[in-house]
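Colleague: What follows is my_file-v1.csv, CSV, C-alpha atoms.
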```
chain,number,residue,atom,x,y,z
A,168,MET,CA,10.0,-9.2,11.4
A,169,ASN,CA,8.6,-9.9,7.9
A,170,PHE,CA,5.4,-8.2,6.8
A,171,ASN,CA,3.1,-10.7,5.1
A,172,PHE,CA,1.0,-8.8,2.5
A,173,ALA,CA,-1.2,-11.8,1.9
A,174,ASN,CA,-2.2,-11.9,5.5
A,175,PHE,CA,-2.6,-8.1,5.5
A,176,LYS,CA,-5.0,-8.2,2.5
A,177,GLU,CA,-7.0,-11.0,4.2
A,178,SER,CA,-7.3,-8.9,7.4
A,179,LEU,CA,-8.2,-5.8,5.4
A,180,ILE,CA,-11.1,-7.7,3.7
A,181,TYR,CA,-12.3,-9.0,7.1
A,182,GLY,CA,-12.1,-5.6,8.6
A,183,LEU,CA,-14.1,-4.0,5.8
A,184,ALA,CA,-16.7,-6.7,6.2
A,185,TYR,CA,-17.5,-5.3,9.6
A,186,PHE,CA,-17.3,-1.7,8.6
A,187,PRO,CA,-21.1,-1.3,8.7
A,188,ASN,CA,-21.0,-2.1,12.4
A,189,THR,CA,-18.6,0.7,12.9
A,190,LEU,CA,-20.7,3.1,10.9
A,191,LYS,CA,-23.7,2.3,13.2
A,192,LEU,CA,-21.4,2.8,16.2
A,193,VAL,CA,-20.4,6.2,14.9
A,194,PHE,CA,-23.3,7.8,13.2
A,195,ILE,CA,-26.2,6.7,15.4
A,196,PRO,CA,-24.5,8.2,18.5
A,197,LEU,CA,-23.6,11.3,16.5
A,198,VAL,CA,-27.2,12.0,15.6
A,199,ILE,CA,-28.3,11.3,19.2
A,200,GLY,CA,-25.4,13.4,20.5
A,201,LEU,CA,-26.2,16.3,18.2
A,202,THR,CA,-29.9,16.2,19.1
A,203,PHE,CA,-29.7,15.9,22.9
A,204,GLY,CA,-26.4,17.7,23.2
A,205,THR,CA,-27.8,20.8,21.5
A,206,VAL,CA,-30.8,20.8,23.8
A,207,ILE,CA,-28.6,20.4,26.9
A,208,ALA,CA,-26.3,23.3,25.7
A,209,LEU,CA,-29.3,25.6,25.1
A,210,VAL,CA,-30.8,24.7,28.5
A,211,ARG,CA,-27.5,25.5,30.2
A,212,VAL,CA,-26.7,28.7,28.2
A,213,TYR,CA,-30.2,30.1,28.8
A,214,LYS,CA,-30.1,29.0,32.4
A,215,VAL,CA,-33.4,27.1,32.6
A,216,PRO,CA,-34.2,26.8,36.3
A,217,VAL,CA,-33.3,23.5,38.0
A,218,ILE,CA,-32.9,21.6,34.7
A,219,GLY,CA,-29.9,23.8,33.7
A,220,TRP,CA,-28.2,23.1,37.0
A,221,PHE,CA,-29.0,19.4,36.8
A,222,MET,CA,-27.6,19.1,33.3
A,223,ALA,CA,-24.4,20.9,34.3
A,224,VAL,CA,-23.8,18.5,37.1
A,225,PHE,CA,-24.7,15.5,34.9
A,226,VAL,CA,-22.3,16.5,32.1
A,227,THR,CA,-19.5,17.2,34.6
A,228,VAL,CA,-19.9,13.9,36.4
A,229,TYR,CA,-20.4,11.7,33.4
A,230,GLN,CA,-17.4,13.1,31.6
A,231,GLY,CA,-15.2,11.9,34.5
A,232,ILE,CA,-16.2,8.2,33.7
A,233,PRO,CA,-14.0,6.4,31.2
A,234,ILE,CA,-15.9,5.1,28.2
A,235,VAL,CA,-14.7,1.5,28.9
A,236,VAL,CA,-16.0,1.6,32.5
A,237,ALA,CA,-19.4,2.9,31.4
A,238,LEU,CA,-19.5,0.3,28.6
A,239,MET,CA,-18.9,-2.5,31.1
A,240,ILE,CA,-21.5,-1.2,33.5
A,241,TYR,CA,-24.2,-0.9,30.8
A,242,ASN,CA,-23.3,-4.4,29.5
A,243,LEU,CA,-23.7,-5.9,33.0
A,244,ILE,CA,-27.0,-4.2,33.5
A,245,PHE,CA,-28.1,-5.4,30.1
A,246,MET,CA,-27.2,-9.0,30.8
A,247,LEU,CA,-28.6,-9.1,34.3
A,248,LYS,CA,-31.8,-7.1,33.9
A,249,PHE,CA,-33.0,-7.4,30.3
A,250,ASN,CA,-35.0,-10.6,30.8
A,251,ASP,CA,-36.7,-9.1,33.8
A,252,LEU,CA,-37.6,-5.9,31.9
A,253,ALA,CA,-38.9,-7.9,29.0
A,254,ALA,CA,-41.1,-10.0,31.3
A,255,PHE,CA,-42.4,-6.9,33.0
A,256,LEU,CA,-43.3,-5.3,29.6
A,257,HIS,CA,-44.7,-8.7,28.4
A,258,LEU,CA,-42.3,-8.8,25.5
A,259,LYS,CA,-41.6,-12.1,23.8
A,260,LYS,CA,-37.9,-11.5,23.8
A,261,SER,CA,-35.0,-12.8,25.8
A,262,ILE,CA,-31.4,-11.6,26.0
A,263,SER,CA,-30.4,-14.3,23.5
A,264,ASP,CA,-32.6,-12.6,20.9
A,265,MET,CA,-30.9,-9.2,21.2
A,266,ASN,CA,-27.8,-7.8,19.5
A,267,ASN,CA,-25.5,-6.3,22.1
A,268,ILE,CA,-24.3,-3.7,19.6
A,269,TRP,CA,-27.1,-1.6,21.0
A,270,VAL,CA,-25.2,-1.5,24.4
A,271,GLY,CA,-22.2,-0.1,22.5
A,272,ILE,CA,-24.4,2.4,20.7
A,273,PHE,CA,-26.0,3.5,24.0
A,274,ALA,CA,-22.6,3.9,25.7
A,275,LEU,CA,-21.1,5.9,22.8
A,276,SER,CA,-24.3,8.0,22.6
A,277,MET,CA,-24.1,9.0,26.2
A,278,THR,CA,-20.4,10.1,25.7
A,279,ALA,CA,-21.4,11.9,22.5
A,280,VAL,CA,-24.2,13.8,24.2
A,281,CYS,CA,-21.9,15.1,26.9
A,282,SER,CA,-19.0,16.0,24.6
A,283,ILE,CA,-21.2,17.6,21.9
A,284,SER,CA,-23.1,19.6,24.4
A,285,GLU,CA,-19.9,21.2,25.6
A,286,ALA,CA,-18.9,21.9,22.0
A,287,VAL,CA,-22.3,23.5,21.2
A,288,ARG,CA,-22.3,25.4,24.5
A,289,GLY,CA,-18.9,26.9,23.7
A,290,ALA,CA,-20.2,28.0,20.2
A,291,LEU,CA,-23.3,29.5,21.7
A,292,ILE,CA,-21.3,31.5,24.3
A,293,SER,CA,-19.2,32.9,21.5
A,294,ILE,CA,-22.2,34.6,19.9
A,295,ASP,CA,-22.6,38.2,21.1
A,296,LYS,CA,-25.4,38.7,23.6
A,297,GLY,CA,-26.5,41.6,21.5
A,298,GLN,CA,-27.9,39.1,18.9
A,299,ASN,CA,-30.4,38.0,21.5
A,300,GLU,CA,-31.4,41.6,22.2
A,301,ALA,CA,-31.7,42.3,18.5
A,302,GLY,CA,-34.2,39.5,18.2
A,303,TYR,CA,-36.2,40.6,21.2
A,304,SER,CA,-36.2,44.2,19.8
A,305,VAL,CA,-38.1,43.1,16.7
A,306,GLY,CA,-40.7,41.1,18.7
A,307,LEU,CA,-39.2,37.6,18.4
A,308,THR,CA,-39.6,35.2,21.3
A,309,THR,CA,-36.6,33.4,22.8
A,310,ILE,CA,-37.3,30.3,20.8
A,311,GLN,CA,-37.7,32.2,17.6
A,312,THR,CA,-34.5,34.2,18.3
A,313,VAL,CA,-32.6,30.9,18.9
A,314,GLN,CA,-34.0,29.3,15.7
A,315,ARG,CA,-33.6,32.3,13.3
A,316,ILE,CA,-30.6,34.2,14.7
A,317,ILE,CA,-28.4,32.3,17.2
A,318,ILE,CA,-28.3,28.8,15.7
A,319,PRO,CA,-27.4,29.9,12.1
A,320,GLN,CA,-24.5,31.9,13.5
A,321,MET,CA,-23.5,29.2,16.0
A,322,ILE,CA,-23.1,26.3,13.4
A,323,PRO,CA,-20.0,27.6,11.6
A,324,VAL,CA,-18.3,28.2,15.0
A,325,ALA,CA,-19.2,24.7,16.3
A,326,ILE,CA,-18.2,22.7,13.2
A,327,PRO,CA,-14.4,22.5,14.0
A,328,MET,CA,-15.2,21.2,17.5
A,329,LEU,CA,-17.8,18.8,16.2
A,330,ILE,CA,-15.3,17.4,13.7
A,331,ASN,CA,-13.1,16.5,16.6
A,332,ASN,CA,-16.1,14.8,18.3
A,333,VAL,CA,-16.8,12.7,15.2
A,334,VAL,CA,-13.1,11.7,15.0
A,335,GLY,CA,-13.2,10.9,18.7
A,336,LEU,CA,-16.3,8.7,18.1
A,337,ILE,CA,-14.6,6.9,15.3
A,338,LYS,CA,-11.7,6.0,17.6
A,339,ALA,CA,-13.9,5.2,20.6
A,340,SER,CA,-16.0,2.8,18.5
A,341,SER,CA,-13.1,0.3,18.8
A,342,VAL,CA,-13.5,-0.2,22.5
A,343,VAL,CA,-16.8,-2.1,22.1
A,344,MET,CA,-14.8,-5.2,21.2
A,345,ALA,CA,-14.4,-5.4,25.0
A,346,ILE,CA,-18.0,-6.7,25.2
A,347,GLY,CA,-17.8,-9.0,22.2
A,348,ILE,CA,-19.0,-6.7,19.5
A,349,VAL,CA,-17.2,-7.3,16.2
A,350,GLU,CA,-16.2,-4.1,14.5
A,351,ILE,CA,-13.2,-3.1,12.4
A,352,VAL,CA,-10.5,-4.0,14.9
A,353,ALA,CA,-12.1,-7.3,16.0
A,354,GLY,CA,-12.9,-8.1,12.3
A,355,ALA,CA,-9.5,-7.4,11.0
A,356,THR,CA,-7.9,-9.7,13.6
A,357,ILE,CA,-10.1,-12.7,13.0
A,358,PRO,CA,-7.7,-14.2,10.5
A,359,SER,CA,-4.8,-13.5,12.9
A,360,SER,CA,-6.1,-16.2,15.3
A,361,ARG,CA,-5.4,-18.7,12.5
A,362,THR,CA,-2.3,-17.2,10.9
A,363,TYR,CA,-0.8,-15.6,14.1
A,364,SER,CA,-0.3,-12.4,11.9
A,365,PHE,CA,-1.6,-10.0,14.5
A,366,PHE,CA,0.7,-7.2,13.4
A,367,GLU,CA,-0.8,-7.3,9.9
A,368,GLY,CA,-4.3,-7.5,11.4
A,369,TYR,CA,-3.8,-4.3,13.5
A,370,VAL,CA,-2.1,-2.5,10.6
A,371,ALA,CA,-5.1,-3.4,8.4
A,372,ALA,CA,-7.5,-2.0,11.0
A,373,ALA,CA,-5.3,1.2,11.3
A,374,VAL,CA,-5.5,1.7,7.6
A,375,ILE,CA,-9.2,1.4,7.5
A,376,TYR,CA,-9.6,3.9,10.4
A,377,TRP,CA,-7.2,6.3,8.8
A,378,VAL,CA,-9.0,6.3,5.4
A,379,PHE,CA,-12.4,6.6,7.2
A,380,THR,CA,-11.1,9.6,9.2
A,381,VAL,CA,-9.6,11.3,6.1
A,382,VAL,CA,-12.9,11.0,4.3
A,383,VAL,CA,-14.9,12.4,7.3
A,384,GLU,CA,-12.5,15.3,7.7
A,385,SER,CA,-12.6,16.0,3.9
A,386,LEU,CA,-16.4,16.2,4.0
A,387,ALA,CA,-16.3,18.3,7.1
A,388,GLN,CA,-13.9,20.8,5.5
A,389,ARG,CA,-16.4,21.2,2.6
A,390,LEU,CA,-19.2,21.7,5.1
A,391,LYS,CA,-17.0,24.3,6.9
A,392,GLN,CA,-16.4,26.2,3.7
A,393,TYR,CA,-20.1,26.2,2.9
A,394,THR,CA,-21.2,27.4,6.3
A,395,GLY,CA,-18.5,30.0,6.2
A,396,LYS,CA,-20.0,31.4,3.0
A,397,PHE,CA,-23.4,31.2,4.6
A,398,ARG,CA,-22.2,33.2,7.6
A,399,ARG,CA,-20.6,35.9,5.4
A,400,ASN,CA,-23.8,36.2,3.4
A,401,LEU,CA,-25.7,36.5,6.7
A,402,TYR,CA,-23.7,39.5,7.7
A,403,ASP,CA,-23.7,41.1,4.2
```
Any chance you could put this one into structure tokens?

Modeller:
Amino acid sequence: MNFNFANFKESLIYGLAYFPNTLKLVFIPLVIGLTFGTVIALVRVYKVPVIGWFMAVFVTVYQGIPIVVALMIYNLIFMLKFNDLAAFLHLKKSISDMNNIWVGIFALSMTAVCSISEAVRGALISIDKGQNEAGYSVGLTTIQTVQRIIIPQMIPVAIPMLINNVVGLIKASSVVMAIGIVEIVAGATIPSSRTYSFFEGYVAAAVIYWVFTVVVESLAQRLKQYTGKFRRNLYD
């Protein structure tokens, strides 16, 4: 099997053209996951009545659903019910006007919320309970204790697990091609349908993902070093 560098270069260019879609599919769910995942983790760790139990059940059940299955379910609901919802809300929109990339973003966001909530919960549990008592002893409320004492100590602990979640999101973003969203993999293989050079197309996609992951992990390592210094200063 001969490797055609011309076809590889063409696939690389096509894959990079759709790189912005992959960025959306990674970083929008990451922000949503960090926001809601942290809230869910706090609710569970501090055992908020009813809500804490519900969130625990939700996370456990949802994590048992493969991302591809969830993606297909959301896409079917989107296609079957969007026009009815738009009519009910008196929106002058139809399904043909919408970009289904938001279905992919929603599916990945739900996955990110659950996985990040577990990472944050693990980091919160690692903080000594005496830190909460120290905050209460100086007159801080629970919310103030969490904001000023717990979260600053939790962040350095959570970063390695969050890095894994980001890398997982980068890899999971490729599954959205199953519902017709063009991202790096789908983009890189567009020329392959003409040249039949699918091997070069997939290698080009793999290279783009590899470089993207290396950059993310490099930035994360710098963040980890910074937060490590912050944590040491906090205890000094």

Colleague: Between A:Arg361, A:Tyr229, A:Ala290, A:Val333, single out the one closest to Leu386 (chain A), counting only C-alpha atoms.

Modeller: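 Looking only at the distances to Leu386 (chain A), the closest residue turns out to be A:Val333.
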
Colleague: Show me, as a tab-separated table, the residues of region 293-363 of chain A having an atom within 12 Å of region 244-268 of chain A, each with the closest atom pair and its distance in Å, using all atoms listed in the file.

Modeller:
```
residue	atom	partner	partner_atom	distance
A:Ser340	CA	A:Ile268	CA	10.6
A:Ser341	CA	A:Ile268	CA	11.9
A:Val342	CA	A:Ile268	CA	11.7
A:Val343	CA	A:Ile268	CA	8.1
A:Met344	CA	A:Ile268	CA	9.7
A:Ala345	CA	A:Ile268	CA	11.4
A:Ile346	CA	A:Asn267	CA	8.1
A:Gly347	CA	A:Asn267	CA	8.2
A:Ile348	CA	A:Ile268	CA	6.1
A:Val349	CA	A:Ile268	CA	8.7
A:Glu350	CA	A:Ile268	CA	9.6
```

Colleague: Return the single residue from A:Ser293, A:Asn174, A:Gln320, A:Gln392 that is closest to Thr356 (chain A), with distances computed using all atoms listed in the file.

Modeller: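 Among the listed residues, A:Asn174 lies closest to Thr356 (chain A).
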
Colleague: Just the residues within 12 Å of Thr362 (chain A), please, counting all atoms listed in the file, with nothing from its chain fewer than 5 positions along; format it as JSON, numbers by chain.

Modeller: {"A": [171, 173, 174, 175, 177, 178, 356, 357, 367, 368]}

Colleague: Counting all atoms listed in the file, which residue out of A:Thr312, A:Ser282, A:Thr189, A:Ser364 sits closest to Gly335 (chain A)?

Modeller: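 Looking only at the distances to Gly335 (chain A), the closest residue turns out to be A:Ser282.
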
Colleague: Which residue out of A:Ala387, A:Met222, A:Leu238, A:Ile316 has the minimum interatomic distance to Trp269 (chain A) when all atoms listed in the file are used?

Modeller: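 Among A:Ala387, A:Met222, A:Leu238, A:Ile316, it is A:Leu238 that comes nearest to Trp269 (chain A).
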
Colleague: Taking 3 positions as the minimum chain separation for residues in the same chain, which residues sit within 10 Å of Val313 (chain A) when counting all atoms listed in the file? Answer as an NGL selection string.

Modeller: :A and (209 or 291 or 298-299 or 302 or 307-310 or 316-321)

Colleague: Calculated over all atoms listed in the file, which of the candidates A:Ile195, A:Val324, A:Val305, A:Val210 has the smallest distance to Ala223 (chain A)?

Modeller: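 Checking each candidate against Ala223 (chain A), we get A:Val210 as the closest.
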
Colleague: Using all atoms listed in the file, determine which residues lie at most 10 Å from Val280 (chain A), disregarding the query and same-chain residues fewer than 4 positions distant; provide the list as a PyMOL selection string.

Modeller: chain A and resi 196-208+226+275-276+284-286

Colleague: Please compute the CA of Met239 (chain A)-CA of Pro358 (chain A) distance, one decimal, in Å.

Modeller: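 For CA of Met239 (chain A) relative to CA of Pro358 (chain A), the distance reads 26.2 Å.
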
Colleague: Could you jot down the CA of Phe194 (chain A) to CA of Phe221 (chain A) separation for me, Å, one decimal place?

Modeller: 26.9 Å

Colleague: Between CA of Tyr376 (chain A) and CA of Tyr185 (chain A), what is the distance in Å, rounded to a tenth?

Modeller: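 It comes out at 12.2 Å.
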
Colleague: Hey, which of A:Ala373, A:Leu336, A:Tyr393, A:Phe366 ends up closest to Phe170 (chain A)? Count all atoms listed in the file.

Modeller: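 Of A:Ala373, A:Leu336, A:Tyr393, A:Phe366, the one nearest Phe170 (chain A), counting all atoms listed in the file, is A:Phe366.
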
Colleague: Write out as number ranges by chain the residues lying within 12 Å of Phe186 (chain A), counting all atoms listed in the file and excluding same-chain residues fewer than 3 positions away.

Modeller: A: 179-183, 189-193, 337, 340-341, 349-355, 372, 375-376, 378-379
